[in-house]
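**Q** Here's a structure for you.
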Amino acid sequence: MSSMMLRMPESLIGAWFEAARRRWPSIRWPLERYRGHVGPDEPRHPIDLFLGGAASDRYDEAWSTIHLDLREPVVRRLARLPADGMGAEDLWSETMARLMSDANDASPLPDGRRPARIRQYRGNSAMTTFIAVVAKRIAIDRFRRARMPLEGSMQIIEQSPDPRAPEPTPRDDEVRDFALRFSEAFTSLPPRQQALLSLVYGHGMPKGEAGRVLGLPAYTVSRELADSIAHLRHKLQSREGPWTGESIAVWLRGWADAGTNTKEPIHES
């Protein structure tokens, strides 16, 4: 009895895997990785779980498939959502950036990178539903933050000073002032440019791949990056030399660590 119960999942997993490979032959994700991703679960949408697992393992073909197959139905859903001035395409872009960010609670991939946060999709609903739910939560978070500007984003600045602490040096004041201005400048960018900067400089993704994920034509990616950097430079009025990708990456990490980017786990319900 127990041996039969052990064999059944293997046959089911094999059938799900073959169905997924027939649907998306370009995604050459191995059966062993799919089997491990399914684990003891019996998902209601095992084919979608294959796509999510391959994307979690950072297969470019999986992310391209998500953009080509799922963007349009998700954007149609989001178009009906009041998003406080944030368009459906912008929500899609920011959601992709969120789902492609590192899952820091997961074991590294064989190449040393972290899996993507989309690994939290477990096939309990269609992937279009999952992505739409994540996007709606981003919209709600944006709506709240728009009404509470910078609340929680630079908590260290707002904490009551410790009377025992030494007086801040001018350099401390400059750093805190710049951190606040960077947060304001970054959040004033259009969401798609925020997502593009985050993917390229925050996560080290190649420009072409980031453009594909966000639905940007290849010839516009460099221009969008240049426009974003020019906007930051203008807002910050930096006189400390060129505002480079490396400096943006440093401040993006600091801005995220300060709590501006939500770090709540993604769930389907």
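Note on naming: chains are A, B, ... as they come in the structure tokens, residues start from 1 per chain, ligands start from 1 in the order shown.
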Neighbours of region 105-119 of chain A within 12 Å (only C-alpha atoms; same-chain residues fewer than 6 positions away dropped), as an NGL selection string?
**A** :A and (33-34 or 36-38 or 48-60 or 62-63 or 66 or 95-99 or 127 or 130-131 or 134 or 203-205 or 263-268)
**Q** For the residues selected in the previous step, produce a file with N, CA and C atoms as an mmCIF file, in the first residue's frame.
**A**
data_model
loop_
_atom_site.group_PDB
_atom_site.id
_atom_site.type_symbol
_atom_site.label_atom_id
_atom_site.label_comp_id
_atom_site.auth_asym_id
_atom_site.auth_seq_id
_atom_site.Cartn_x
_atom_site.Cartn_y
_atom_site.Cartn_z
ATOM 1 N N ARG A 33 14.770 18.890 -10.993
ATOM 2 C CA ARG A 33 14.482 20.167 -10.350
ATOM 3 C C ARG A 33 12.970 20.351 -10.184
ATOM 4 N N TYR A 34 12.204 19.947 -11.176
ATOM 5 C CA TYR A 34 10.748 20.047 -11.072
ATOM 6 C C TYR A 34 10.237 19.161 -9.945
ATOM 7 N N GLY A 36 11.779 18.162 -7.269
ATOM 8 C CA GLY A 36 12.112 18.766 -5.986
ATOM 9 C C GLY A 36 11.258 19.989 -5.685
ATOM 10 N N HIS A 37 10.899 20.733 -6.726
ATOM 11 C CA HIS A 37 10.087 21.942 -6.529
ATOM 12 C C HIS A 37 8.662 21.576 -6.124
ATOM 13 N N VAL A 38 8.119 20.505 -6.716
ATOM 14 C CA VAL A 38 6.774 20.069 -6.360
ATOM 15 C C VAL A 38 6.755 19.561 -4.921
ATOM 16 N N ASP A 48 1.457 25.262 -14.566
ATOM 17 C CA ASP A 48 1.916 26.598 -14.193
ATOM 18 C C ASP A 48 3.049 26.516 -13.177
ATOM 19 N N LEU A 49 2.999 25.521 -12.290
ATOM 20 C CA LEU A 49 4.058 25.377 -11.289
ATOM 21 C C LEU A 49 5.398 25.081 -11.952
ATOM 22 N N PHE A 50 5.373 24.354 -13.059
ATOM 23 C CA PHE A 50 6.597 24.125 -13.830
ATOM 24 C C PHE A 50 7.179 25.452 -14.310
ATOM 25 N N LEU A 51 6.322 26.302 -14.864
ATOM 26 C CA LEU A 51 6.786 27.600 -15.357
ATOM 27 C C LEU A 51 7.342 28.443 -14.217
ATOM 28 N N GLY A 52 6.638 28.462 -13.080
ATOM 29 C CA GLY A 52 7.112 29.228 -11.936
ATOM 30 C C GLY A 52 8.414 28.696 -11.377
ATOM 31 N N GLY A 53 8.546 27.372 -11.343
ATOM 32 C CA GLY A 53 9.784 26.787 -10.827
ATOM 33 C C GLY A 53 10.975 27.090 -11.715
ATOM 34 N N ALA A 54 10.774 26.991 -13.033
ATOM 35 C CA ALA A 54 11.867 27.311 -13.953
ATOM 36 C C ALA A 54 12.252 28.781 -13.839
ATOM 37 N N ALA A 55 11.242 29.654 -13.680
ATOM 38 C CA ALA A 55 11.538 31.078 -13.490
ATOM 39 C C ALA A 55 12.278 31.288 -12.175
ATOM 40 N N SER A 56 11.892 30.545 -11.142
ATOM 41 C CA SER A 56 12.589 30.635 -9.864
ATOM 42 C C SER A 56 14.054 30.245 -10.006
ATOM 43 N N ASP A 57 14.322 29.269 -10.852
ATOM 44 C CA ASP A 57 15.706 28.856 -11.118
ATOM 45 C C ASP A 57 16.397 29.778 -12.112
ATOM 46 N N ARG A 58 15.740 30.859 -12.466
ATOM 47 C CA ARG A 58 16.295 31.937 -13.301
ATOM 48 C C ARG A 58 16.597 31.483 -14.733
ATOM 49 N N TYR A 59 15.702 30.689 -15.287
ATOM 50 C CA TYR A 59 15.783 30.347 -16.704
ATOM 51 C C TYR A 59 15.211 31.507 -17.513
ATOM 52 N N ASP A 60 16.022 32.096 -18.368
ATOM 53 C CA ASP A 60 15.572 33.241 -19.159
ATOM 54 C C ASP A 60 14.333 32.906 -19.984
ATOM 55 N N ALA A 62 11.937 30.961 -19.286
ATOM 56 C CA ALA A 62 10.721 30.976 -18.459
ATOM 57 C C ALA A 62 10.214 32.400 -18.266
ATOM 58 N N TRP A 63 11.131 33.330 -18.009
ATOM 59 C CA TRP A 63 10.702 34.719 -17.819
ATOM 60 C C TRP A 63 10.175 35.315 -19.111
ATOM 61 N N ILE A 66 6.666 34.002 -19.451
ATOM 62 C CA ILE A 66 5.743 34.712 -18.557
ATOM 63 C C ILE A 66 5.339 36.037 -19.179
ATOM 64 N N THR A 95 5.764 44.500 -10.537
ATOM 65 C CA THR A 95 5.524 43.135 -10.061
ATOM 66 C C THR A 95 6.598 42.195 -10.574
ATOM 67 N N MET A 96 6.995 42.343 -11.826
ATOM 68 C CA MET A 96 8.062 41.498 -12.351
ATOM 69 C C MET A 96 9.364 41.727 -11.582
ATOM 70 N N ALA A 97 9.662 42.990 -11.297
ATOM 71 C CA ALA A 97 10.868 43.272 -10.522
ATOM 72 C C ALA A 97 10.787 42.627 -9.146
ATOM 73 N N ARG A 98 9.602 42.679 -8.521
ATOM 74 C CA ARG A 98 9.436 42.069 -7.194
ATOM 75 C C ARG A 98 9.641 40.556 -7.272
ATOM 76 N N LEU A 99 8.999 39.904 -8.251
ATOM 77 C CA LEU A 99 9.063 38.457 -8.340
ATOM 78 C C LEU A 99 10.440 37.962 -8.766
ATOM 79 N N MET A 127 -1.326 30.916 -12.458
ATOM 80 C CA MET A 127 -0.255 31.882 -12.256
ATOM 81 C C MET A 127 -0.716 33.300 -12.584
ATOM 82 N N PHE A 130 -2.141 34.560 -9.399
ATOM 83 C CA PHE A 130 -1.079 34.838 -8.429
ATOM 84 C C PHE A 130 -0.397 36.170 -8.729
ATOM 85 N N ILE A 131 -0.016 36.376 -9.995
ATOM 86 C CA ILE A 131 0.680 37.611 -10.364
ATOM 87 C C ILE A 131 -0.233 38.815 -10.146
ATOM 88 N N VAL A 134 -0.308 39.688 -6.441
ATOM 89 C CA VAL A 134 0.918 40.388 -6.048
ATOM 90 C C VAL A 134 0.865 41.836 -6.519
ATOM 91 N N HIS A 203 19.900 44.332 -8.844
ATOM 92 C CA HIS A 203 20.023 42.879 -8.920
ATOM 93 C C HIS A 203 21.049 42.408 -9.947
ATOM 94 N N GLY A 204 21.679 43.337 -10.628
ATOM 95 C CA GLY A 204 22.743 42.965 -11.555
ATOM 96 C C GLY A 204 22.265 42.252 -12.801
ATOM 97 N N MET A 205 21.021 42.447 -13.198
ATOM 98 C CA MET A 205 20.494 41.776 -14.386
ATOM 99 C C MET A 205 20.995 42.480 -15.644
ATOM 100 N N LYS A 263 9.193 43.923 2.394
ATOM 101 C CA LYS A 263 9.864 42.634 2.419
ATOM 102 C C LYS A 263 8.926 41.546 2.919
ATOM 103 N N GLU A 264 7.627 41.822 2.896
ATOM 104 C CA GLU A 264 6.681 40.823 3.334
ATOM 105 C C GLU A 264 6.701 39.663 2.365
ATOM 106 N N PRO A 265 6.572 38.406 2.864
ATOM 107 C CA PRO A 265 6.513 37.275 1.952
ATOM 108 C C PRO A 265 5.282 37.350 1.070
ATOM 109 N N ILE A 266 5.400 36.789 -0.119
ATOM 110 C CA ILE A 266 4.312 36.814 -1.073
ATOM 111 C C ILE A 266 3.493 35.542 -0.891
ATOM 112 N N HIS A 267 2.200 35.680 -0.696
ATOM 113 C CA HIS A 267 1.307 34.536 -0.601
ATOM 114 C C HIS A 267 0.188 34.715 -1.611
ATOM 115 N N GLU A 268 -0.509 33.638 -1.895
ATOM 116 C CA GLU A 268 -1.560 33.671 -2.913
ATOM 117 C C GLU A 268 -2.902 34.065 -2.341
#
**Q** Just the residues within 10 Å of region 11-20 of chain A, please, counting only C-alpha atoms, with nothing from its chain fewer than 3 positions along; format it as JSON, numbers by chain.
**A** {"A": [6, 7, 8, 23, 24, 25, 27, 29, 30, 31, 34, 35, 38, 39, 42, 45, 46, 47, 48, 49, 50, 51]}
**Q** Give me, please, the distance in Å between CA of His231 (chain A) and CA of Pro191 (chain A), quoted to one decimal.
**A**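 Going from CA of His231 (chain A) over to CA of Pro191 (chain A), I get 13.3 Å.
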**Q** Please, what distance in Å, to one decimal, runs between CA of Arg181 (chain A) and CA of Ile229 (chain A)?
**A**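 Rounded to one decimal, the two atoms are 14.3 Å apart.
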**Q** Could you work out how far CA of Val200 (chain A) lies from CA of Asp102 (chain A), giving the answer in Å with one decimal?
**A**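 Straight-line distance from CA of Asp102 (chain A) to CA of Val200 (chain A) works out to 13.4 Å.
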